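Structure file work-v5.pdb (PDB, C-alpha atoms) is printed below.
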```pdb
ATOM      1  CA  MET A   1      27.456  22.522  -4.223
ATOM      2  CA  ALA A   2      25.217  25.563  -3.942
ATOM      3  CA  MET A   3      22.771  24.063  -6.455
ATOM      4  CA  ARG A   4      22.741  20.743  -4.532
ATOM      5  CA  THR A   5      22.028  22.612  -1.301
ATOM      6  CA  PHE A   6      19.232  24.552  -2.988
ATOM      7  CA  LEU A   7      17.623  21.375  -4.353
ATOM      8  CA  LEU A   8      17.839  19.673  -0.980
ATOM      9  CA  HIS A   9      16.127  22.649   0.633
ATOM     10  CA  LEU A  10      13.327  22.390  -1.928
ATOM     11  CA  LEU A  11      12.941  18.671  -1.273
ATOM     12  CA  LEU A  12      12.877  19.087   2.481
ATOM     13  CA  ALA A  13      10.362  21.898   2.141
ATOM     14  CA  ALA A  14       8.146  19.568   0.115
ATOM     15  CA  VAL A  15       8.459  16.876   2.767
ATOM     16  CA  GLY A  16       7.531  19.418   5.420
ATOM     17  CA  ALA A  17       4.428  20.342   3.451
ATOM     18  CA  VAL A  18       3.426  16.689   3.271
ATOM     19  CA  SER A  19       3.997  16.352   6.994
ATOM     20  CA  LEU A  20       1.526  19.135   7.669
ATOM     21  CA  THR A  21      -1.072  17.635   5.344
ATOM     22  CA  PHE A  22      -0.726  13.947   6.196
ATOM     23  CA  ASP A  23       0.768  14.220   9.677
ATOM     24  CA  PRO A  24       3.507  11.560   9.291
ATOM     25  CA  ALA A  25       4.878  12.795  12.638
ATOM     26  CA  LEU A  26       8.440  13.251  11.538
ATOM     27  CA  THR A  27      11.082  15.747  12.645
ATOM     28  CA  LEU A  28      14.179  16.313  10.541
ATOM     29  CA  ALA A  29      17.189  17.813  12.302
ATOM     30  CA  GLN A  30      19.195  19.517   9.541
ATOM     31  CA  GLU A  31      19.635  19.149   5.822
ATOM     32  CA  ASP A  32      21.624  15.980   5.094
ATOM     33  CA  ALA A  33      22.798  15.919   8.730
ATOM     34  CA  TRP A  34      23.366  13.048  11.129
ATOM     35  CA  PRO A  35      22.573  12.210  13.888
ATOM     36  CA  ARG A  36      18.931  12.632  12.872
ATOM     37  CA  THR A  37      16.005  12.476  15.272
ATOM     38  CA  VAL A  38      12.601  11.392  13.999
ATOM     39  CA  ARG A  39       9.266  11.052  15.695
ATOM     40  CA  HIS A  40       7.247   7.962  14.837
ATOM     41  CA  GLU A  41       4.317   5.873  16.055
ATOM     42  CA  ALA A  42       6.192   4.707  19.155
ATOM     43  CA  GLY A  43       7.914   7.921  20.199
ATOM     44  CA  GLU A  44      11.264   9.355  19.119
ATOM     45  CA  LEU A  45      14.263   7.682  17.536
ATOM     46  CA  THR A  46      17.730   9.137  17.026
ATOM     47  CA  LEU A  47      19.799   7.580  14.264
ATOM     48  CA  PRO A  48      23.550   8.267  14.453
ATOM     49  CA  ALA A  49      24.159   7.787  10.717
ATOM     50  CA  LYS A  50      22.355   7.010   7.482
ATOM     51  CA  PRO A  51      21.130   3.385   7.815
ATOM     52  CA  LYS A  52      22.957   0.799   5.725
ATOM     53  CA  ARG A  53      21.533  -2.417   7.219
ATOM     54  CA  ILE A  54      17.729  -2.254   7.291
ATOM     55  CA  LEU A  55      15.299  -4.999   8.294
ATOM     56  CA  SER A  56      11.544  -4.969   7.687
ATOM     57  CA  THR A  57       9.226  -6.834  10.042
ATOM     58  CA  SER A  58       6.229  -5.780   7.941
ATOM     59  CA  PRO A  59       5.663  -7.330   4.496
ATOM     60  CA  SER A  60       3.174  -4.525   3.804
ATOM     61  CA  VAL A  61       6.040  -2.020   4.072
ATOM     62  CA  THR A  62       8.733  -4.086   2.366
ATOM     63  CA  GLY A  63       7.549  -3.238  -1.155
ATOM     64  CA  ILE A  64       7.822   0.484  -0.409
ATOM     65  CA  LEU A  65      11.392   0.062   0.853
ATOM     66  CA  LEU A  66      12.290  -1.865  -2.290
ATOM     67  CA  ALA A  67      10.735   0.816  -4.507
ATOM     68  CA  MET A  68      12.921   3.483  -2.900
ATOM     69  CA  GLN A  69      16.086   1.381  -3.237
ATOM     70  CA  ALA A  70      16.597   1.075   0.531
ATOM     71  CA  PRO A  71      19.483  -1.155   1.716
ATOM     72  CA  LEU A  72      17.107  -3.896   2.832
ATOM     73  CA  LEU A  73      18.774  -7.087   4.063
ATOM     74  CA  ALA A  74      15.772  -9.180   5.087
ATOM     75  CA  SER A  75      12.022  -9.021   5.524
ATOM     76  CA  ALA A  76       9.550 -10.914   7.640
ATOM     77  CA  ALA A  77       7.411 -13.261   5.548
ATOM     78  CA  THR A  78       3.724 -13.928   5.928
ATOM     79  CA  THR A  79       2.048 -17.336   5.681
ATOM     80  CA  PRO A  80       2.301 -18.580   2.077
ATOM     81  CA  SER A  81      -0.931 -18.177   0.114
ATOM     82  CA  PRO A  82      -2.090 -17.419  -3.433
ATOM     83  CA  LEU A  83      -0.996 -13.826  -2.761
ATOM     84  CA  THR A  84       2.620 -14.807  -2.000
ATOM     85  CA  ASP A  85       5.479 -16.876  -3.312
ATOM     86  CA  ASN A  86       6.424 -20.083  -1.526
ATOM     87  CA  LYS A  87       8.472 -18.150   1.038
ATOM     88  CA  GLY A  88       5.615 -15.844   2.047
ATOM     89  CA  PHE A  89       6.829 -12.768   0.123
ATOM     90  CA  PHE A  90       3.994 -10.904  -1.618
ATOM     91  CA  THR A  91       3.986 -11.721  -5.324
ATOM     92  CA  GLN A  92       4.011  -8.083  -6.455
ATOM     93  CA  TRP A  93       7.534  -7.535  -5.109
ATOM     94  CA  ALA A  94       8.901 -11.037  -4.464
ATOM     95  CA  LYS A  95      10.923 -11.148  -7.702
ATOM     96  CA  VAL A  96      12.508  -7.767  -6.972
ATOM     97  CA  ALA A  97      13.389  -8.918  -3.460
ATOM     98  CA  ASP A  98      15.009 -12.076  -4.813
ATOM     99  CA  GLU A  99      17.001 -10.109  -7.393
ATOM    100  CA  ARG A 100      18.379  -7.891  -4.638
ATOM    101  CA  GLY A 101      19.189 -10.769  -2.329
ATOM    102  CA  VAL A 102      16.606  -9.929   0.329
ATOM    103  CA  LYS A 103      16.293 -12.884   2.701
ATOM    104  CA  VAL A 104      13.477 -14.124   4.917
ATOM    105  CA  LEU A 105      13.910 -12.560   8.350
ATOM    106  CA  TYR A 106      11.465 -15.030   9.892
ATOM    107  CA  PRO A 107       8.455 -16.927   8.441
ATOM    108  CA  ASN A 108       4.704 -16.746   9.099
ATOM    109  CA  LEU A 109       5.004 -13.343  10.839
ATOM    110  CA  SER A 110       6.355 -15.221  13.861
ATOM    111  CA  PHE A 111       8.424 -12.557  15.607
ATOM    112  CA  ASP A 112      11.966 -13.785  16.279
ATOM    113  CA  ILE A 113      14.259 -11.465  18.241
ATOM    114  CA  GLU A 114      17.235 -13.794  17.776
ATOM    115  CA  ALA A 115      16.870 -13.643  14.001
ATOM    116  CA  ILE A 116      16.837  -9.852  14.147
ATOM    117  CA  ILE A 117      19.910  -9.696  16.383
ATOM    118  CA  ALA A 118      21.810 -12.048  14.068
ATOM    119  CA  TRP A 119      21.521  -9.578  11.179
ATOM    120  CA  GLU A 120      23.105  -6.753  13.223
ATOM    121  CA  PRO A 121      20.764  -4.126  11.765
ATOM    122  CA  ASP A 122      21.232  -0.391  12.149
ATOM    123  CA  LEU A 123      17.463   0.080  11.635
ATOM    124  CA  VAL A 124      14.398  -2.135  12.016
ATOM    125  CA  ILE A 125      11.158  -0.901  10.433
ATOM    126  CA  GLY A 126       7.910  -2.367  11.713
ATOM    127  CA  SER A 127       4.173  -1.815  11.837
ATOM    128  CA  ALA A 128       2.019  -0.297  14.555
ATOM    129  CA  THR A 129      -1.081  -2.236  13.469
ATOM    130  CA  GLY A 130      -2.155  -5.454  11.798
ATOM    131  CA  ALA A 131      -0.966  -9.023  12.089
ATOM    132  CA  ASP A 132       2.620  -7.844  11.642
ATOM    133  CA  SER A 133       2.520  -5.276  14.455
ATOM    134  CA  ILE A 134       5.675  -5.206  16.568
ATOM    135  CA  VAL A 135       4.404  -2.831  19.262
ATOM    136  CA  GLN A 136       4.318  -5.550  21.906
ATOM    137  CA  TYR A 137       7.919  -6.501  21.086
ATOM    138  CA  LEU A 138       9.377  -3.001  21.338
ATOM    139  CA  PRO A 139      10.702  -3.552  24.902
ATOM    140  CA  GLU A 140      12.730  -6.542  23.652
ATOM    141  CA  LEU A 141      14.138  -4.590  20.723
ATOM    142  CA  GLN A 142      14.964  -1.594  22.877
ATOM    143  CA  ALA A 143      16.610  -3.798  25.507
ATOM    144  CA  GLN A 144      18.933  -5.042  22.777
ATOM    145  CA  GLY A 145      19.680  -1.487  21.649
ATOM    146  CA  ILE A 146      18.202  -2.091  18.194
ATOM    147  CA  PRO A 147      17.006   1.154  16.540
ATOM    148  CA  THR A 148      13.354   0.577  15.640
ATOM    149  CA  LEU A 149      11.011   2.789  13.626
ATOM    150  CA  VAL A 150       7.281   2.045  13.835
ATOM    151  CA  VAL A 151       4.933   3.157  11.044
ATOM    152  CA  ASN A 152       1.185   2.863  10.502
ATOM    153  CA  TYR A 153       0.311   1.607   7.019
ATOM    154  CA  SER A 154      -3.402   1.246   7.830
ATOM    155  CA  ASN A 155      -4.243   4.934   7.455
ATOM    156  CA  ARG A 156      -1.641   6.213   4.992
ATOM    157  CA  SER A 157      -1.027   5.794   1.287
ATOM    158  CA  TRP A 158       2.166   4.132   0.126
ATOM    159  CA  GLN A 159       3.313   7.539  -1.122
ATOM    160  CA  GLU A 160       2.941   9.040   2.344
ATOM    161  CA  LEU A 161       4.846   6.134   3.874
ATOM    162  CA  ALA A 162       7.579   6.446   1.254
ATOM    163  CA  THR A 163       7.949  10.132   2.104
ATOM    164  CA  GLN A 164       8.074   9.311   5.817
ATOM    165  CA  LEU A 165      10.616   6.540   5.356
ATOM    166  CA  GLY A 166      12.653   8.643   2.959
ATOM    167  CA  VAL A 167      13.131  11.345   5.576
ATOM    168  CA  ALA A 168      13.843   8.835   8.339
ATOM    169  CA  THR A 169      16.468   6.954   6.321
ATOM    170  CA  GLY A 170      18.047   9.837   4.428
ATOM    171  CA  ARG A 171      16.621   8.586   1.138
ATOM    172  CA  GLU A 172      14.326  11.508   0.355
ATOM    173  CA  GLN A 173      15.387  11.637  -3.287
ATOM    174  CA  GLU A 174      14.855   7.915  -3.857
ATOM    175  CA  ALA A 175      11.374   8.109  -2.310
ATOM    176  CA  ALA A 176      10.474  11.083  -4.496
ATOM    177  CA  GLU A 177      11.759   9.255  -7.577
ATOM    178  CA  ALA A 178       9.613   6.194  -6.828
ATOM    179  CA  ILE A 179       6.526   8.374  -6.468
ATOM    180  CA  ASN A 180       7.375  10.176  -9.704
ATOM    181  CA  ARG A 181       7.812   6.891 -11.608
ATOM    182  CA  PHE A 182       4.420   5.728 -10.397
ATOM    183  CA  ASP A 183       2.714   9.021 -11.252
ATOM    184  CA  THR A 184       4.296   9.055 -14.710
ATOM    185  CA  HIS A 185       2.985   5.575 -15.489
ATOM    186  CA  LEU A 186      -0.436   6.556 -14.168
ATOM    187  CA  ARG A 187      -0.582   9.614 -16.440
ATOM    188  CA  GLU A 188       0.549   7.646 -19.470
ATOM    189  CA  VAL A 189      -2.082   4.956 -18.973
ATOM    190  CA  ALA A 190      -4.808   7.552 -18.300
ATOM    191  CA  LYS A 191      -4.198   9.001 -21.774
ATOM    192  CA  THR A 192      -4.821   5.691 -23.497
ATOM    193  CA  ILE A 193      -7.592   3.794 -21.677
ATOM    194  CA  ARG A 194     -11.201   3.836 -22.786
ATOM    195  CA  SER A 195     -13.101   6.570 -20.953
ATOM    196  CA  ILE A 196     -16.268   5.806 -18.966
ATOM    197  CA  PRO A 197     -18.661   8.704 -18.336
ATOM    198  CA  GLU A 198     -20.782   6.694 -15.887
ATOM    199  CA  PRO A 199     -19.725   6.004 -12.274
ATOM    200  CA  VAL A 200     -17.949   2.767 -11.380
ATOM    201  CA  SER A 201     -18.058   0.691  -8.203
ATOM    202  CA  ILE A 202     -15.228  -1.011  -6.327
ATOM    203  CA  VAL A 203     -16.487  -4.271  -4.833
ATOM    204  CA  GLY A 204     -14.930  -6.737  -2.450
ATOM    205  CA  TYR A 205     -16.726  -9.947  -3.407
ATOM    206  CA  GLY A 206     -16.516 -12.874  -1.014
ATOM    207  CA  ILE A 207     -13.066 -11.938   0.331
ATOM    208  CA  SER A 208     -12.719 -14.048   3.487
ATOM    209  CA  GLY A 209     -16.508 -14.397   3.387
ATOM    210  CA  SER A 210     -17.135 -10.629   3.366
ATOM    211  CA  TYR A 211     -18.729  -8.205   0.904
ATOM    212  CA  SER A 212     -17.868  -4.531   0.628
ATOM    213  CA  ILE A 213     -18.093  -1.360  -1.417
ATOM    214  CA  GLY A 214     -14.816   0.527  -1.760
ATOM    215  CA  LYS A 215     -14.902   4.245  -1.064
ATOM    216  CA  ALA A 216     -13.883   6.929  -3.526
ATOM    217  CA  GLN A 217     -11.294   8.094  -0.975
ATOM    218  CA  SER A 218      -9.703   4.639  -0.675
ATOM    219  CA  PRO A 219      -6.265   4.055  -2.234
ATOM    220  CA  GLN A 220      -7.931   2.039  -5.014
ATOM    221  CA  GLY A 221     -10.526   4.789  -5.533
ATOM    222  CA  GLN A 222      -7.822   7.418  -5.794
ATOM    223  CA  VAL A 223      -5.987   5.416  -8.451
ATOM    224  CA  LEU A 224      -9.186   5.000 -10.472
ATOM    225  CA  ALA A 225      -9.893   8.715 -10.155
ATOM    226  CA  ALA A 226      -6.391   9.485 -11.437
ATOM    227  CA  LEU A 227      -7.217   7.290 -14.442
ATOM    228  CA  GLY A 228     -10.221   9.501 -15.166
ATOM    229  CA  LEU A 229     -12.947   7.321 -13.621
ATOM    230  CA  THR A 230     -15.620   8.430 -11.154
ATOM    231  CA  VAL A 231     -16.029   6.070  -8.197
ATOM    232  CA  ALA A 232     -19.520   5.674  -6.765
ATOM    233  CA  ASP A 233     -19.819   5.449  -2.989
ATOM    234  CA  LEU A 234     -22.435   3.432  -1.129
ATOM    235  CA  PRO A 235     -25.989   4.787  -1.650
ATOM    236  CA  GLU A 236     -27.125   7.020   1.207
ATOM    237  CA  ALA A 237     -30.140   4.796   1.976
ATOM    238  CA  LEU A 238     -27.873   1.879   2.937
ATOM    239  CA  ARG A 239     -25.357   3.698   5.116
ATOM    240  CA  SER A 240     -27.083   2.748   8.336
ATOM    241  CA  GLN A 241     -26.855  -0.947   7.436
ATOM    242  CA  VAL A 242     -23.120  -1.309   6.988
ATOM    243  CA  SER A 243     -19.959  -1.785   8.990
ATOM    244  CA  ARG A 244     -17.685   1.086   8.027
ATOM    245  CA  SER A 245     -13.914   1.284   7.712
ATOM    246  CA  SER A 246     -11.683   4.014   6.341
ATOM    247  CA  ASP A 247     -11.547   2.450   2.877
ATOM    248  CA  ALA A 248     -14.760   0.421   2.496
ATOM    249  CA  ASP A 249     -18.306  -0.182   3.686
ATOM    250  CA  PHE A 250     -18.999  -3.825   4.560
ATOM    251  CA  ILE A 251     -22.462  -5.081   3.770
ATOM    252  CA  SER A 252     -24.426  -8.344   3.715
ATOM    253  CA  ARG A 253     -24.498 -10.399   0.534
ATOM    254  CA  GLU A 254     -28.277  -9.933   0.384
ATOM    255  CA  ASN A 255     -27.866  -6.148   0.207
ATOM    256  CA  LEU A 256     -24.902  -6.191  -2.165
ATOM    257  CA  SER A 257     -26.958  -5.649  -5.325
ATOM    258  CA  ALA A 258     -28.609  -2.533  -3.897
ATOM    259  CA  ALA A 259     -25.231  -1.270  -2.684
ATOM    260  CA  ILE A 260     -23.622  -1.262  -6.143
ATOM    261  CA  ALA A 261     -24.387   2.101  -7.723
ATOM    262  CA  GLY A 262     -21.879   2.024 -10.568
ATOM    263  CA  THR A 263     -22.613   0.870 -14.100
ATOM    264  CA  HIS A 264     -19.193  -0.793 -14.204
ATOM    265  CA  VAL A 265     -17.739  -2.932 -11.413
ATOM    266  CA  PHE A 266     -14.112  -3.437 -10.447
ATOM    267  CA  LEU A 267     -13.464  -6.388  -8.139
ATOM    268  CA  LEU A 268     -10.796  -6.236  -5.459
ATOM    269  CA  ARG A 269      -8.213  -9.051  -5.298
ATOM    270  CA  ALA A 270     -10.016 -10.862  -8.081
ATOM    271  CA  THR A 271      -9.082 -13.450 -10.681
ATOM    272  CA  ASP A 272     -10.995 -14.465 -13.803
ATOM    273  CA  SER A 273     -12.790 -17.129 -11.775
ATOM    274  CA  ASP A 274     -13.970 -14.470  -9.297
ATOM    275  CA  ILE A 275     -15.396 -12.424 -12.169
ATOM    276  CA  ALA A 276     -17.176 -15.519 -13.485
ATOM    277  CA  ALA A 277     -18.658 -16.190 -10.020
ATOM    278  CA  PHE A 278     -19.829 -12.575  -9.756
ATOM    279  CA  LEU A 279     -21.494 -12.683 -13.177
ATOM    280  CA  ALA A 280     -23.193 -15.985 -12.302
ATOM    281  CA  ASP A 281     -24.503 -14.852  -8.883
ATOM    282  CA  PRO A 282     -28.333 -14.883  -9.125
ATOM    283  CA  LEU A 283     -28.595 -12.097  -6.522
ATOM    284  CA  LEU A 284     -26.692  -9.792  -8.870
ATOM    285  CA  ALA A 285     -28.355 -10.756 -12.141
ATOM    286  CA  ASN A 286     -30.255  -7.479 -12.565
ATOM    287  CA  LEU A 287     -27.256  -5.210 -12.160
ATOM    288  CA  PRO A 288     -26.447  -3.198 -15.321
ATOM    289  CA  ALA A 289     -22.799  -4.200 -14.939
ATOM    290  CA  VAL A 290     -23.754  -7.879 -14.952
ATOM    291  CA  LYS A 291     -26.222  -7.618 -17.823
ATOM    292  CA  LYS A 292     -23.622  -5.843 -19.973
ATOM    293  CA  LYS A 293     -20.708  -7.895 -18.605
ATOM    294  CA  GLN A 294     -18.975  -4.736 -17.448
ATOM    295  CA  VAL A 295     -17.147  -6.419 -14.574
ATOM    296  CA  TYR A 296     -13.359  -6.239 -14.313
ATOM    297  CA  THR A 297     -10.579  -7.146 -11.925
ATOM    298  CA  LEU A 298      -8.287  -4.704 -10.146
ATOM    299  CA  GLY A 299      -5.789  -7.537  -9.990
ATOM    300  CA  PRO A 300      -5.026 -10.236  -7.414
ATOM    301  CA  THR A 301      -2.612  -7.918  -5.541
ATOM    302  CA  SER A 302      -4.976  -4.936  -5.304
ATOM    303  CA  PHE A 303      -6.233  -5.517  -1.759
ATOM    304  CA  ARG A 304      -3.438  -3.357  -0.337
ATOM    305  CA  ILE A 305      -1.768  -0.807  -2.599
ATOM    306  CA  ASP A 306       1.982  -0.290  -2.572
ATOM    307  CA  TYR A 307       4.260   0.818  -5.397
ATOM    308  CA  TYR A 308       4.303  -2.592  -7.095
ATOM    309  CA  SER A 309       0.687  -3.647  -6.551
ATOM    310  CA  GLY A 310      -0.386  -0.133  -7.576
ATOM    311  CA  LEU A 311       1.379  -0.496 -10.912
ATOM    312  CA  GLN A 312      -0.213  -3.909 -11.387
ATOM    313  CA  MET A 313      -3.644  -2.455 -10.583
ATOM    314  CA  VAL A 314      -3.206   0.316 -13.160
ATOM    315  CA  ASP A 315      -2.251  -2.240 -15.805
ATOM    316  CA  ALA A 316      -5.171  -4.504 -14.844
ATOM    317  CA  VAL A 317      -7.639  -1.629 -15.299
ATOM    318  CA  ALA A 318      -6.102  -0.768 -18.679
ATOM    319  CA  HIS A 319      -6.323  -4.407 -19.763
ATOM    320  CA  GLY A 320      -9.962  -4.678 -18.662
ATOM    321  CA  LEU A 321     -11.228  -1.473 -20.233
ATOM    322  CA  GLY A 322      -9.071  -1.513 -23.324
ATOM    323  CA  THR A 323      -7.794   1.508 -25.209
ATOM    324  CA  ARG A 324      -9.676   4.353 -26.839
TER     325      ARG A 324
END
```

Rewrite the structure of this file - the entire thing - as structure tokens.
Amino acid sequence: MAMRTFLLHLLLAAVGAVSLTFDPALTLAQEDAWPRTVRHEAGELTLPAKPKRILSTSPSVTGILLAMQAPLLASAATTPSPLTDNKGFFTQWAKVADERGVKVLYPNLSFDIEAIIAWEPDLVIGSATGADSIVQYLPELQAQGIPTLVVNYSNRSWQELATQLGVATGREQEAAEAINRFDTHLREVAKTIRSIPEPVSIVGYGISGSYSIGKAQSPQGQVLAALGLTVADLPEALRSQVSRSSDADFISRENLSAAIAGTHVFLLRATDSDIAAFLADPLLANLPAVKKKQVYTLGPTSFRIDYYSGLQMVDAVAHGLGTR
């Protein structure tokens, strides 16, 4: 018992350190103690006991909950597309969700308070931003007495969210184990893939009609860096001509060639046909990466990185580059 208490103290200390660095805005009452009060994107929430019936209204968070073995009953589904199964579950985690009996909470991100009530959840987890934001529906949820935790996946890595959710749900160990599994796979692949001394570029090519250069600090850039690659940012001369976000610089198609500084290119959310289109684009014909056919996919699920899409991205990079 003393050893268990000691280990829990170490784990909670680590979570506290992450809170200071990444500001997940969480407060833990006592070690392994309930009720537990947490601060989140919409204020404070007190949970009387460790949640056993969790709902996710955010498909972008569902994969993280699955990775940490949370007792997830149902998840909202997005509109079916090439990135999802026929229910609207993202392909990277849809099979896992089916194996665990996770049901569709409601389709097409169409918020349905009656569907939520019917599940009798002891915790609903939703997003503060994006198409799946539930901020405007919080008064309805609160009026029904439904405990609701709001997170922001737009400015945090999946590891940070897993740590936050682990503390909030009493699943700190499971969250830490998921992160460790991911890091272990990353290290193993990094030992085997072909090394590239030159910088590489992350490119969003024609995604919803847009073109972008991924930043070294983006989740995708951090994964590539962990694999031993150096990610090139947008050239300084073009920084006044772009629309900037936290993870990428958006640029016109006409300026895309000048914006790609890397000798190797990794395409976001790309298939083989996207690579073929990139290689055949006359505006990009003079790029070293095109001339040498050094263009690879990060995988169709790489647009937003969670535990499952992150693993798929790592394997896609290894497949593209080959082994040493």

Residues within 12 Å of Lys95 of chain A, all atoms listed in the file, excluding chain neighbours under 4 positions, as a PDB file with C-alpha atoms, keeping the file's coordinate frame:
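The result, stored in result.pdb:
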```pdb
ATOM      1  CA  GLY A  63       7.549  -3.238  -1.155  1.00  0.00           C
ATOM      2  CA  LEU A  66      12.290  -1.865  -2.290  1.00  0.00           C
ATOM      3  CA  THR A  84       2.620 -14.807  -2.000  1.00  0.00           C
ATOM      4  CA  ASP A  85       5.479 -16.876  -3.312  1.00  0.00           C
ATOM      5  CA  ASN A  86       6.424 -20.083  -1.526  1.00  0.00           C
ATOM      6  CA  LYS A  87       8.472 -18.150   1.038  1.00  0.00           C
ATOM      7  CA  PHE A  89       6.829 -12.768   0.123  1.00  0.00           C
ATOM      8  CA  PHE A  90       3.994 -10.904  -1.618  1.00  0.00           C
ATOM      9  CA  THR A  91       3.986 -11.721  -5.324  1.00  0.00           C
ATOM     10  CA  GLU A  99      17.001 -10.109  -7.393  1.00  0.00           C
ATOM     11  CA  ARG A 100      18.379  -7.891  -4.638  1.00  0.00           C
ATOM     12  CA  GLY A 101      19.189 -10.769  -2.329  1.00  0.00           C
ATOM     13  CA  VAL A 102      16.606  -9.929   0.329  1.00  0.00           C
ATOM     14  CA  LYS A 103      16.293 -12.884   2.701  1.00  0.00           C
ATOM     15  CA  TYR A 308       4.303  -2.592  -7.095  1.00  0.00           C
TER      16      TYR A 308
END
```

Checklist outcome for this item: The distance between atom CA of Gln164 of chain A and atom CA of His40 of chain A is 9.2 Å

Checklist outcome for this item: Of A:Arg181, A:Lys52, A:Lys215, A:Arg194, the one sitting nearest Gln159 of chain A when using only C-alpha atoms is A:Arg181

Checklist entry - Just so the selection is clear, what residues does the PyMOL selection byres ((chain A and resi 118-124) around 9) cover here, as number ranges by chain? => result A: 47, 49-57, 73-74, 105, 113-117, 125-126, 146-150, 169

Next on the checklist: Taking the file as I've supplied it (selection: the PyMOL selection byres ((chain A and resi 186) around 10)), which residues are included? Please answer as number ranges by chain.
Outcome noted: A: 180-185, 187-191, 223-224, 226-227, 310-311, 314-315

Next on the checklist: Given the point (14.9, 9.2, -6.2) in the coordinates of this file, which residues lie within 12 Å, counting all atoms listed in the file, and how would they look as number ranges by chain?
Outcome noted: A: 11, 67-70, 162-163, 166, 170-182

Just say which residues the PyMOL selection byres ((chain A and resi 197) around 10) picks in this file, as a CSV table (one decimal) with C-alpha atoms, in the frame of the given file.
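Okay, this is what ended up in out.csv:
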```csv
chain,number,residue,atom,x,y,z
A,194,ARG,CA,-11.2,3.8,-22.8
A,195,SER,CA,-13.1,6.6,-21.0
A,196,ILE,CA,-16.3,5.8,-19.0
A,198,GLU,CA,-20.8,6.7,-15.9
A,199,PRO,CA,-19.7,6.0,-12.3
A,200,VAL,CA,-17.9,2.8,-11.4
A,228,GLY,CA,-10.2,9.5,-15.2
A,229,LEU,CA,-12.9,7.3,-13.6
A,230,THR,CA,-15.6,8.4,-11.2
A,263,THR,CA,-22.6,0.9,-14.1
```

Checklist entry - Which polymer residues have any atom within 10 Å of an atom of Ile134 of chain A, counting all atoms listed in the file, with same-chain residues fewer than 2 positions away left out, as an MDAnalysis selection string? => result chainID A and resid 57:58 109 111 125:132 136:139 141 148 150

With 6 Å on each side, where is the centre of the axis-aligned box around all listed atoms of segment 215-218 of chain A, and how long are its edges in Å to one decimal, as lines of an AutoDock Vina configuration file?
```
center_x = -12.3
center_y = 6.2
center_z = -2.1
size_x = 17.2
size_y = 15.8
size_z = 14.9
```

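Proximity of A:Gln144, A:Ser252, A:Ser133, A:Asn108 to Gly204 of chain A, computed with only C-alpha atoms, is greatest for A:Ser252.
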
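The residue that comes closest to Met313 of chain A, out of A:Leu268, A:Leu45, A:Ala289, A:Leu279 and on the basis of all atoms listed in the file, is A:Leu268.
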
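All residues of protein, DNA or RNA that reach within 8 Å of Gly221 of chain A, judged by only C-alpha atoms and not counting those fewer than 6 positions away in the chain, are Ile202, Gly214, Lys215 and Val231 of chain A.
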
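In this model, the gap between atom CA of Gly262 of chain A and atom CA of Tyr307 of chain A comes to 26.7 Å.
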
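Comparing the minimum interatomic distances between Thr301 of chain A and each of A:Ala42, A:Ala237, A:Ala77, A:Ala270, counting all atoms listed in the file, we find that A:Ala270 sits nearest.
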
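Closest to Ser154 of chain A among A:Ala258, A:Val61, A:Ala318, A:Leu298 is A:Val61, based on all atoms listed in the file.
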
Next on the checklist: So that I can check the surroundings of Ile260 of chain A, please list as a PyMOL selection string every protein, DNA and RNA residue that reaches within 12 Å of it, counting all atoms listed in the file and ignoring chain neighbours fewer than 2 positions away.
Outcome noted: chain A and resi 199-205+211-215+231-236+238+249-251+253-258+262-267+283-284+286-290+295
